[in-house]
>>> print(open('model.tsv').read())   # TSV, C-alpha atoms
chain	number	residue	atom	x	y	z
G	445	ILE	CA	182.45	192.13	265.70
G	446	VAL	CA	182.09	194.97	268.19
G	447	MET	CA	178.47	195.66	267.23
G	448	THR	CA	177.61	191.95	267.30
G	449	LEU	CA	179.15	191.58	270.75
G	450	LEU	CA	177.37	194.71	271.97
G	451	GLU	CA	174.00	193.43	270.77
G	452	PHE	CA	174.68	190.07	272.40
G	453	LEU	CA	175.38	191.73	275.76
G	454	LEU	CA	172.31	193.96	275.55
G	455	LEU	CA	170.11	190.96	274.77
G	456	LEU	CA	171.53	189.11	277.78
G	457	VAL	CA	170.79	192.13	279.97
G	458	GLY	CA	167.19	191.98	278.75
G	459	GLY	CA	166.80	188.41	279.94
G	460	MET	CA	167.21	186.53	276.67
G	461	PRO	CA	168.71	183.01	277.09
G	462	LEU	CA	172.37	182.65	276.19
G	463	PHE	CA	171.90	180.44	273.13
G	464	ASP	CA	169.06	182.62	271.84
G	465	ALA	CA	171.14	185.77	272.28
G	466	VAL	CA	174.02	184.26	270.30
G	467	THR	CA	171.89	183.12	267.37
G	468	ILE	CA	169.80	186.30	267.25
G	469	SER	CA	172.93	188.47	267.34
G	470	PHE	CA	174.51	186.54	264.48
G	471	GLY	CA	171.25	186.60	262.54
G	472	THR	CA	171.00	190.37	262.98
G	473	ALA	CA	174.65	191.02	262.07
G	474	GLY	CA	174.35	189.11	258.82
G	475	THR	CA	170.79	190.40	258.28
G	476	GLY	CA	169.92	186.76	257.71
G	477	GLY	CA	167.07	186.66	260.19
G	478	PHE	CA	167.82	183.26	261.70
G	479	ALA	CA	165.44	182.76	264.65
G	480	ILE	CA	165.11	179.59	266.69
G	481	THR	CA	161.39	179.95	267.51
G	482	ASN	CA	158.39	179.53	265.21
G	483	ASN	CA	157.09	182.98	266.18
G	484	SER	CA	160.43	184.63	265.49
G	485	ILE	CA	161.07	187.64	267.76
G	486	ALA	CA	157.38	187.81	268.73
G	487	ALA	CA	158.02	184.79	270.97
G	488	TYR	CA	159.98	186.94	273.46
G	489	ASP	CA	157.15	189.49	273.92
G	490	SER	CA	159.55	192.15	275.16
G	491	TYR	CA	159.62	195.72	273.91
G	492	TYR	CA	163.19	196.03	275.18
G	493	LEU	CA	164.52	193.00	273.29
G	494	GLN	CA	162.63	193.92	270.14
G	495	GLY	CA	163.85	197.50	270.43
G	496	VAL	CA	167.48	196.40	270.72
G	497	ILE	CA	167.13	194.18	267.65
G	498	THR	CA	165.43	197.01	265.74
G	499	VAL	CA	168.32	199.38	266.40
G	500	PHE	CA	170.97	196.87	265.38
G	501	MET	CA	169.12	195.83	262.22
G	502	LEU	CA	169.31	199.46	261.14
G	503	LEU	CA	172.95	199.77	262.21
G	504	PHE	CA	173.93	196.77	260.09
G	505	SER	CA	171.98	198.27	257.17
G	506	VAL	CA	174.23	201.33	257.05
G	507	ASN	CA	177.26	201.53	254.78
G	508	PHE	CA	180.25	200.37	256.84
G	509	ASN	CA	182.31	203.22	255.41
G	510	ILE	CA	180.28	205.47	257.71
G	511	TYR	CA	181.70	203.63	260.73
G	512	PHE	CA	185.20	203.99	259.32
G	513	LEU	CA	184.67	207.74	259.04
G	514	LEU	CA	183.41	207.83	262.63
G	515	MET	CA	186.49	205.92	263.79
G	516	MET	CA	188.66	208.47	261.98
G	517	LYS	CA	186.68	211.24	263.74
G	518	GLU	CA	185.37	212.52	260.42
G	519	PHE	CA	181.95	213.17	261.92
G	520	ARG	CA	180.93	215.88	259.50
G	521	ALA	CA	181.76	213.76	256.46
G	522	ALA	CA	179.90	210.79	257.93
G	523	PHE	CA	176.67	212.66	258.61
G	524	LYS	CA	176.83	214.51	255.28
G	525	ASP	CA	176.68	211.20	253.41
G	526	THR	CA	173.75	211.47	250.99
G	527	GLU	CA	172.92	207.77	250.99
G	528	LEU	CA	172.74	207.73	254.79
G	529	ARG	CA	170.39	210.70	254.83
G	530	VAL	CA	168.12	209.20	252.18
G	531	PHE	CA	168.12	205.84	253.97
G	532	LEU	CA	167.18	207.38	257.32
G	533	GLY	CA	164.55	209.52	255.61
G	534	ILE	CA	162.95	206.48	253.98
G	535	VAL	CA	162.99	204.60	257.28
G	536	GLY	CA	161.55	207.48	259.29
G	537	LEU	CA	158.73	208.28	256.87
G	538	SER	CA	157.84	204.60	256.48
G	539	ILE	CA	157.68	204.05	260.25
G	540	LEU	CA	155.46	207.07	260.77
G	541	ALA	CA	153.14	206.27	257.85
G	542	ILE	CA	152.64	202.64	258.89
G	543	ALA	CA	152.18	203.51	262.57
G	544	VAL	CA	149.45	206.05	261.79
G	545	ASN	CA	147.80	203.67	259.32
G	546	ILE	CA	147.53	200.67	261.65
G	547	TYR	CA	146.54	202.85	264.62
G	548	GLN	CA	143.70	204.48	262.67
G	549	THR	CA	142.52	201.14	261.34
G	550	GLY	CA	141.74	199.76	264.78
G	551	GLN	CA	143.27	199.32	268.20
G	552	GLU	CA	142.86	195.54	267.97
G	553	LEU	CA	145.85	195.54	265.59
G	554	CYS	CA	148.23	197.47	267.83
G	555	GLY	CA	146.58	198.76	271.02
G	556	THR	CA	148.22	202.10	271.82
G	557	PHE	CA	149.96	204.43	269.39
G	558	PHE	CA	153.28	203.64	271.07
G	559	SER	CA	152.71	199.96	270.35
G	560	ALA	CA	151.90	200.80	266.73
G	561	LEU	CA	155.07	202.89	266.48
G	562	HIS	CA	157.13	200.13	268.08
G	563	HIS	CA	155.96	197.33	265.79
G	564	SER	CA	156.07	199.62	262.76
G	565	ALA	CA	159.71	200.44	263.50
G	566	PHE	CA	160.56	196.77	263.93
G	567	GLN	CA	158.89	195.65	260.71
G	568	VAL	CA	160.32	198.52	258.65
G	569	SER	CA	163.80	197.73	259.97
G	570	THR	CA	163.55	194.01	259.34
G	571	ILE	CA	162.14	194.46	255.82
G	572	ILE	CA	164.43	197.22	254.52
G	573	SER	CA	167.48	195.43	255.96
G	574	THR	CA	166.20	192.12	254.47
G	575	THR	CA	166.76	190.48	257.86
G	576	GLY	CA	163.40	188.73	257.99
G	577	PHE	CA	162.56	188.80	261.71
G	578	ALA	CA	158.96	189.45	262.79
G	579	SER	CA	157.43	190.86	265.95
G	580	VAL	CA	153.79	190.62	264.79
G	581	ASP	CA	151.79	189.06	261.98
G	582	PHE	CA	151.91	192.06	259.65
G	583	ASN	CA	149.79	190.14	257.14
G	584	GLN	CA	146.87	191.37	259.27
G	585	TRP	CA	147.83	194.99	258.67
G	586	PRO	CA	146.00	197.22	256.16
G	587	THR	CA	146.91	197.05	252.48
G	588	PHE	CA	148.58	200.47	252.58
G	589	SER	CA	151.05	199.32	255.25
G	590	LYS	CA	151.78	196.07	253.42
G	591	MET	CA	152.44	197.97	250.19
G	592	ILE	CA	155.01	200.14	251.95
G	593	LEU	CA	156.73	197.04	253.32
G	594	MET	CA	156.79	195.49	249.86
G	595	LEU	CA	158.44	198.60	248.39
G	596	LEU	CA	161.00	198.61	251.21
G	597	MET	CA	161.79	194.98	250.40
G	598	PHE	CA	162.87	195.99	246.90
G	599	ILE	CA	164.73	199.14	248.01
G	600	GLY	CA	166.84	197.31	250.57
G	601	ALA	CA	169.67	198.61	252.70
G	602	CYS	CA	172.68	200.80	251.92
G	603	ALA	CA	175.55	199.73	249.68
G	604	GLY	CA	178.48	198.38	251.65
G	605	SER	CA	176.26	196.89	254.36
G	606	THR	CA	175.23	193.33	255.13
G	607	GLY	CA	171.69	194.02	253.87
G	608	GLY	CA	170.28	193.01	250.51
G	609	GLY	CA	167.85	194.53	248.04
G	610	LEU	CA	168.38	197.02	245.24
G	611	LYS	CA	170.32	199.27	247.67
G	612	VAL	CA	169.59	202.92	248.37
G	613	SER	CA	172.58	204.16	246.37
G	614	ARG	CA	171.37	202.38	243.22
G	615	LEU	CA	167.89	203.79	243.75
G	616	MET	CA	169.38	207.28	243.94
G	617	ILE	CA	171.38	206.69	240.75
G	618	LEU	CA	168.29	205.32	239.03
G	619	ILE	CA	166.18	208.36	239.94
G	620	LYS	CA	168.92	210.79	238.94
G	621	THR	CA	169.44	208.98	235.63
G	622	ILE	CA	165.75	209.05	234.82
G	623	PHE	CA	165.60	212.73	235.68
G	624	LYS	CA	168.62	213.57	233.55
G	625	GLU	CA	167.76	211.40	230.55
G	626	TYR	CA	164.11	212.34	230.38
G	627	VAL	CA	163.23	215.46	232.34
G	628	TYR	CA	166.43	217.44	231.75
G	629	HIS	CA	166.83	216.23	228.17
G	630	THR	CA	163.24	217.23	227.36
G	631	PHE	CA	162.75	220.44	229.32
G	632	GLY	CA	166.13	221.65	230.49
G	633	ARG	CA	167.96	222.36	227.22
G	634	PRO	CA	167.67	225.07	224.59
G	635	ASP	CA	164.98	224.67	221.94
G	636	GLU	CA	167.43	223.98	219.15
G	637	THR	CA	168.75	220.87	220.88
G	638	LYS	CA	165.36	219.50	221.87
G	639	GLU	CA	164.68	218.41	218.31
G	640	ASP	CA	167.90	216.44	218.11
G	641	SER	CA	167.91	212.82	219.09
G	642	MET	CA	170.07	211.49	221.88
G	643	SER	CA	173.77	211.39	221.14
G	644	ILE	CA	175.63	208.10	220.70
G	645	TYR	CA	177.24	208.54	224.10
G	646	GLU	CA	173.86	209.13	225.76
G	647	LYS	CA	172.40	206.07	224.01
G	648	GLN	CA	175.24	203.93	225.25
G	649	ARG	CA	174.78	205.15	228.79
G	650	PHE	CA	171.02	204.66	228.61
G	651	THR	CA	171.46	201.16	227.16
G	652	GLY	CA	173.80	200.24	229.99
G	653	TRP	CA	171.33	201.59	232.52
G	654	LEU	CA	168.48	199.64	230.92
G	655	SER	CA	170.55	196.46	230.84
G	656	GLY	CA	171.26	196.84	234.56
G	657	LEU	CA	167.59	197.42	235.23
G	658	TYR	CA	166.76	194.33	233.19
G	659	GLU	CA	169.24	192.25	235.18
G	660	TYR	CA	167.80	193.41	238.49
G	661	PHE	CA	164.19	192.78	237.49
G	662	SER	CA	165.12	189.37	236.11
G	663	ARG	CA	166.60	188.34	239.43
G	664	ALA	CA	163.80	189.95	241.43
G	665	ASN	CA	161.11	188.27	239.34
G	666	THR	CA	162.81	184.91	239.75
G	667	ARG	CA	163.05	185.31	243.51
G	668	ASN	CA	159.45	186.48	243.83
G	669	ALA	CA	158.19	183.70	241.58
G	670	CYS	CA	159.92	181.10	243.73
G	671	ALA	CA	158.60	182.67	246.94
G	672	ASN	CA	155.03	182.93	245.68
G	673	ASN	CA	155.12	179.45	244.24
G	674	MET	CA	156.25	178.10	247.59
G	675	HIS	CA	153.39	179.75	249.47
G	676	GLU	CA	150.80	178.93	246.80
G	677	GLY	CA	151.94	175.33	246.62
G	678	LYS	CA	151.94	174.89	250.39
G	679	ALA	CA	148.42	176.29	250.70
G	680	LEU	CA	147.13	174.18	247.81
G	681	LEU	CA	148.59	170.97	249.21
G	682	GLU	CA	147.36	171.66	252.73
G	683	GLU	CA	143.83	172.29	251.44
G	684	ASN	CA	143.87	168.82	249.90
G	685	GLY	CA	145.30	167.16	253.00
G	686	ILE	CA	148.70	166.47	251.45
G	687	ASN	CA	151.96	166.81	253.36
G	688	TRP	CA	153.81	169.67	251.65
G	689	LYS	CA	157.26	168.69	252.94
G	690	ARG	CA	159.64	167.35	250.29
G	691	THR	CA	157.06	168.33	247.67
G	692	TYR	CA	157.78	170.61	244.72
G	693	TYR	CA	155.17	172.88	243.16
G	694	TYR	CA	155.43	174.42	239.73
G	695	ASN	CA	153.42	177.43	238.62
G	696	SER	CA	153.65	177.89	234.85
G	697	ASP	CA	151.91	181.28	234.88
G	698	TRP	CA	154.62	182.81	237.06
G	699	TYR	CA	157.36	181.17	235.03
G	700	TYR	CA	156.11	182.51	231.69
G	701	LEU	CA	155.42	185.95	233.16
G	702	CYS	CA	159.07	186.17	234.23
G	703	GLN	CA	160.18	184.99	230.81
G	704	GLU	CA	158.04	187.61	229.04
G	705	MET	CA	159.44	190.45	231.16
G	706	GLN	CA	163.00	189.29	230.57
G	707	LYS	CA	162.38	189.08	226.82
G	708	MET	CA	160.89	192.58	226.77
G	709	PHE	CA	163.91	194.13	228.51
G	710	GLN	CA	166.32	192.22	226.27
G	711	GLU	CA	164.61	193.36	223.07
G	712	THR	CA	164.47	196.99	224.20
G	713	ALA	CA	168.14	197.02	225.19
G	714	TYR	CA	169.10	195.38	221.87
G	715	GLU	CA	167.13	197.94	219.82
G	716	LEU	CA	168.75	200.85	221.63
G	717	SER	CA	172.21	199.40	221.19
G	718	GLU	CA	171.56	198.90	217.45
G	719	GLU	CA	170.52	202.54	217.04
>>> encode(input="model.tsv", output="structure tokens")
Amino acid sequence: IVMTLLEFLLLLVGGMPLFDAVTISFGTAGTGGFAITNNSIAAYDSYYLQGVITVFMLLFSVNFNIYFLLMMKEFRAAFKDTELRVFLGIVGLSILAIAVNIYQTGQELCGTFFSALHHSAFQVSTIISTTGFASVDFNQWPTFSKMILMLLMFIGACAGSTGGGLKVSRLMILIKTIFKEYVYHTFGRPDETKEDSMSIYEKQRFTGWLSGLYEYFSRANTRNACANNMHEGKALLEENGINWKRTYYYNSDWYYLCQEMQKMFQETAYELSEE
């Protein structure tokens, strides 16, 4: 409530209309991205307003336990949080990489380097927090920048925040599990144990991890299939002069691709559990 109210006041100071400031503040707090203009945040054409929204999108992407620690004056514990550090590292590197990429591609995309850095920060924040605001048409950006944004969409915000996605904490667990189950198991143990197969306990843990991965990819594939079908269907109908509103489009290729991936994960998890 305090952060939402603070953002609302800062937006009013920047000259945003009262109703717009209310809706944008609520959309940022819930990382829902509800904007009342067709051009989203680009309609305001203000570095100050976009900067305020950028900061608060990141603040609402942080685990709320961090704010509790700050309220309890546990500053050292808050800033030593591993997930927070990884999250800020991902955000910082992504902003810098995209800013350099779009600036080197051509000044018609961004103008000055500061402008490139500004819009890069906004788009990284809105994508990794799953808010969905936009300050520019990033579809015009180079493929490298769009690939980074796509990866950030899957990574998502921190656990315990209002953001969506896989969550940074789960990504950390996934990487550590892969390292332990494969790298450490293969190279980090004595030679006499390398020849042995995984223990029953390790198989159970690995099966559980694979089942969780299967569940995530199943949901992600379903969401992406729906999103891509919507855009493909809209474009197809518009090309043929048909009103796309209240029209449903079905893409069998996407549907069966999702089914095949789900079946593959299910069969692999079942085989491991049987062993």
>>> residues_near_point(input="model.tsv", point="(152.2, 204.1, 263.1)", cutoff="10 Å", atoms="all atoms listed in the file", output="list in words")
Leu537, Ser538, Ile539, Leu540, Ala541, Ile542, Ala543, Val544, Asn545, Ile546, Tyr547, Gln548, Cys554, Thr556, Phe557, Phe558, Ser559, Ala560, Leu561, His562, His563, Ser564, Ala565 and Ser589 of chain G
>>> atom_distance(input="model.tsv", atom1="CA of Asp464 (chain G)", atom2="CA of Val506 (chain G)")
24.4 Å
>>> atom_distance(input="model.tsv", atom1="CA of Thr574 (chain G)", atom2="CA of Gly608 (chain G)")
5.8 Å
>>> residues_around(input="model.tsv", residues="Lys611 (chain G)", least_positions_apart="2", cutoff="8 Å", atoms="all atoms listed in the file", output="list in words")
Ile599, Gly600, Ala601, Cys602, Ala603, Gly608, Gly609, Ser613, Arg614 and Leu615 of chain G
>>> atom_distance(input="model.tsv", atom1="CA of Phe598 (chain G)", atom2="CA of Ile622 (chain G)")
18.0 Å
>>> residues_around(input="model.tsv", residues="Thr575 (chain G)", least_positions_apart="6", cutoff="9 Å", atoms="all atoms listed in the file", output="PDB file with C-alpha atoms, in the frame of the given file")
ATOM      1  CA  GLY G 471     171.250 186.600 262.540  1.00  0.00           C
ATOM      2  CA  THR G 472     171.000 190.370 262.980  1.00  0.00           C
ATOM      3  CA  ALA G 473     174.650 191.020 262.070  1.00  0.00           C
ATOM      4  CA  GLY G 474     174.350 189.110 258.820  1.00  0.00           C
ATOM      5  CA  THR G 475     170.790 190.400 258.280  1.00  0.00           C
ATOM      6  CA  GLY G 476     169.920 186.760 257.710  1.00  0.00           C
ATOM      7  CA  GLY G 477     167.070 186.660 260.190  1.00  0.00           C
ATOM      8  CA  PHE G 478     167.820 183.260 261.700  1.00  0.00           C
ATOM      9  CA  MET G 501     169.120 195.830 262.220  1.00  0.00           C
ATOM     10  CA  SER G 569     163.800 197.730 259.970  1.00  0.00           C
ATOM     11  CA  GLY G 607     171.690 194.020 253.870  1.00  0.00           C
ATOM     12  CA  GLY G 608     170.280 193.010 250.510  1.00  0.00           C
TER      13      GLY G 608
END
>>> closest_residue(input="model.tsv", among="G:Ala487, G:Ile619, G:Ala522, G:Ile497", to="Leu453 (chain G)", atoms="all atoms listed in the file")
G:Ile497
>>> closest_residue(input="model.tsv", among="G:Ala479, G:Ile592, G:Val535, G:Met515", to="Thr467 (chain G)", atoms="all atoms listed in the file")
G:Ala479
>>> residues_around(input="model.tsv", residues="Leu462 (chain G)", least_positions_apart="6", cutoff="9 Å", atoms="only C-alpha atoms", output="ChimeraX atom specification")
/G:452,455-456
>>> closest_residue(input="model.tsv", among="G:Met460, G:Val530, G:Met447, G:Val568", to="Phe504 (chain G)", atoms="only C-alpha atoms")
G:Met447
>>> residues_around(input="model.tsv", residues="Leu493 (chain G)", least_positions_apart="4", cutoff="9 Å", atoms="all atoms listed in the file", output="PyMOL selection string")
chain G and resi 454-455+458-460+485+488-489+497-498
>>> closest_residue(input="model.tsv", among="G:Thr549, G:Ser505, G:Ser605, G:Gln584", to="Ile572 (chain G)", atoms="all atoms listed in the file")
G:Ser505
>>> build_atoms(input="model.tsv", residues="region 457-468 of chain G", atoms="all heavy atoms", output="PDB file, in the coordinates of the input")
ATOM      1  N   VAL G 457     171.279 191.237 278.912  1.00  0.00           N
ATOM      2  CA  VAL G 457     170.790 192.130 279.970  1.00  0.00           C
ATOM      3  C   VAL G 457     169.261 192.123 279.999  1.00  0.00           C
ATOM      4  O   VAL G 457     168.641 192.213 281.070  1.00  0.00           O
ATOM      5  CB  VAL G 457     171.325 193.559 279.754  1.00  0.00           C
ATOM      6  CG1 VAL G 457     170.640 194.544 280.696  1.00  0.00           C
ATOM      7  CG2 VAL G 457     172.827 193.597 279.970  1.00  0.00           C
ATOM      8  N   GLY G 458     168.640 191.994 278.837  1.00  0.00           N
ATOM      9  CA  GLY G 458     167.190 191.980 278.750  1.00  0.00           C
ATOM     10  C   GLY G 458     166.555 190.657 279.123  1.00  0.00           C
ATOM     11  O   GLY G 458     165.325 190.525 279.065  1.00  0.00           O
ATOM     12  N   GLY G 459     167.345 189.674 279.490  1.00  0.00           N
ATOM     13  CA  GLY G 459     166.800 188.410 279.940  1.00  0.00           C
ATOM     14  C   GLY G 459     166.692 187.341 278.881  1.00  0.00           C
ATOM     15  O   GLY G 459     166.103 186.281 279.134  1.00  0.00           O
ATOM     16  N   MET G 460     167.260 187.551 277.718  1.00  0.00           N
ATOM     17  CA  MET G 460     167.210 186.530 276.670  1.00  0.00           C
ATOM     18  C   MET G 460     168.186 185.403 277.025  1.00  0.00           C
ATOM     19  O   MET G 460     169.310 185.671 277.473  1.00  0.00           O
ATOM     20  CB  MET G 460     167.564 187.127 275.310  1.00  0.00           C
ATOM     21  CG  MET G 460     167.480 186.133 274.158  1.00  0.00           C
ATOM     22  SD  MET G 460     167.810 186.891 272.525  1.00  0.00           S
ATOM     23  CE  MET G 460     166.303 187.829 272.281  1.00  0.00           C
ATOM     24  N   PRO G 461     167.792 184.136 276.829  1.00  0.00           N
ATOM     25  CA  PRO G 461     168.710 183.010 277.090  1.00  0.00           C
ATOM     26  C   PRO G 461     169.993 183.123 276.285  1.00  0.00           C
ATOM     27  O   PRO G 461     170.017 183.738 275.208  1.00  0.00           O
ATOM     28  CB  PRO G 461     167.883 181.793 276.673  1.00  0.00           C
ATOM     29  CG  PRO G 461     166.457 182.233 276.797  1.00  0.00           C
ATOM     30  CD  PRO G 461     166.449 183.689 276.453  1.00  0.00           C
ATOM     31  N   LEU G 462     171.051 182.527 276.803  1.00  0.00           N
ATOM     32  CA  LEU G 462     172.370 182.650 276.190  1.00  0.00           C
ATOM     33  C   LEU G 462     172.397 182.181 274.747  1.00  0.00           C
ATOM     34  O   LEU G 462     172.874 182.893 273.857  1.00  0.00           O
ATOM     35  CB  LEU G 462     173.389 181.847 277.021  1.00  0.00           C
ATOM     36  CG  LEU G 462     174.826 181.828 276.483  1.00  0.00           C
ATOM     37  CD1 LEU G 462     175.420 183.223 276.487  1.00  0.00           C
ATOM     38  CD2 LEU G 462     175.689 180.877 277.315  1.00  0.00           C
ATOM     39  N   PHE G 463     171.878 180.986 274.489  1.00  0.00           N
ATOM     40  CA  PHE G 463     171.900 180.440 273.130  1.00  0.00           C
ATOM     41  C   PHE G 463     171.074 181.304 272.185  1.00  0.00           C
ATOM     42  O   PHE G 463     171.482 181.573 271.045  1.00  0.00           O
ATOM     43  CB  PHE G 463     171.379 179.002 273.131  1.00  0.00           C
ATOM     44  CG  PHE G 463     171.355 178.380 271.763  1.00  0.00           C
ATOM     45  CD1 PHE G 463     172.539 177.977 271.151  1.00  0.00           C
ATOM     46  CD2 PHE G 463     170.160 178.208 271.089  1.00  0.00           C
ATOM     47  CE1 PHE G 463     172.530 177.405 269.888  1.00  0.00           C
ATOM     48  CE2 PHE G 463     170.140 177.633 269.826  1.00  0.00           C
ATOM     49  CZ  PHE G 463     171.323 177.230 269.224  1.00  0.00           C
ATOM     50  N   ASP G 464     169.907 181.752 272.655  1.00  0.00           N
ATOM     51  CA  ASP G 464     169.060 182.620 271.840  1.00  0.00           C
ATOM     52  C   ASP G 464     169.769 183.925 271.507  1.00  0.00           C
ATOM     53  O   ASP G 464     169.707 184.409 270.368  1.00  0.00           O
ATOM     54  CB  ASP G 464     167.748 182.927 272.566  1.00  0.00           C
ATOM     55  CG  ASP G 464     166.909 181.689 272.806  1.00  0.00           C
ATOM     56  OD1 ASP G 464     167.491 180.607 273.006  1.00  0.00           O
ATOM     57  OD2 ASP G 464     165.676 181.807 272.795  1.00  0.00           O
ATOM     58  N   ALA G 465     170.453 184.501 272.501  1.00  0.00           N
ATOM     59  CA  ALA G 465     171.140 185.770 272.280  1.00  0.00           C
ATOM     60  C   ALA G 465     172.250 185.625 271.245  1.00  0.00           C
ATOM     61  O   ALA G 465     172.463 186.517 270.415  1.00  0.00           O
ATOM     62  CB  ALA G 465     171.716 186.290 273.596  1.00  0.00           C
ATOM     63  N   VAL G 466     172.953 184.493 271.265  1.00  0.00           N
ATOM     64  CA  VAL G 466     174.020 184.260 270.300  1.00  0.00           C
ATOM     65  C   VAL G 466     173.459 184.160 268.881  1.00  0.00           C
ATOM     66  O   VAL G 466     173.939 184.825 267.959  1.00  0.00           O
ATOM     67  CB  VAL G 466     174.807 182.973 270.653  1.00  0.00           C
ATOM     68  CG1 VAL G 466     175.779 182.616 269.535  1.00  0.00           C
ATOM     69  CG2 VAL G 466     175.553 183.160 271.961  1.00  0.00           C
ATOM     70  N   THR G 467     172.443 183.328 268.707  1.00  0.00           N
ATOM     71  CA  THR G 467     171.890 183.120 267.370  1.00  0.00           C
ATOM     72  C   THR G 467     171.204 184.375 266.832  1.00  0.00           C
ATOM     73  O   THR G 467     171.349 184.710 265.649  1.00  0.00           O
ATOM     74  CB  THR G 467     170.884 181.954 267.383  1.00  0.00           C
ATOM     75  OG1 THR G 467     169.881 182.204 268.382  1.00  0.00           O
ATOM     76  CG2 THR G 467     171.570 180.652 267.696  1.00  0.00           C
ATOM     77  N   ILE G 468     170.475 185.082 267.692  1.00  0.00           N
ATOM     78  CA  ILE G 468     169.800 186.300 267.250  1.00  0.00           C
ATOM     79  C   ILE G 468     170.817 187.375 266.872  1.00  0.00           C
ATOM     80  O   ILE G 468     170.641 188.104 265.888  1.00  0.00           O
ATOM     81  CB  ILE G 468     168.844 186.818 268.334  1.00  0.00           C
ATOM     82  CG1 ILE G 468     167.711 185.823 268.576  1.00  0.00           C
ATOM     83  CG2 ILE G 468     168.265 188.171 267.942  1.00  0.00           C
ATOM     84  CD1 ILE G 468     166.848 185.555 267.368  1.00  0.00           C
TER      85      ILE G 468
END
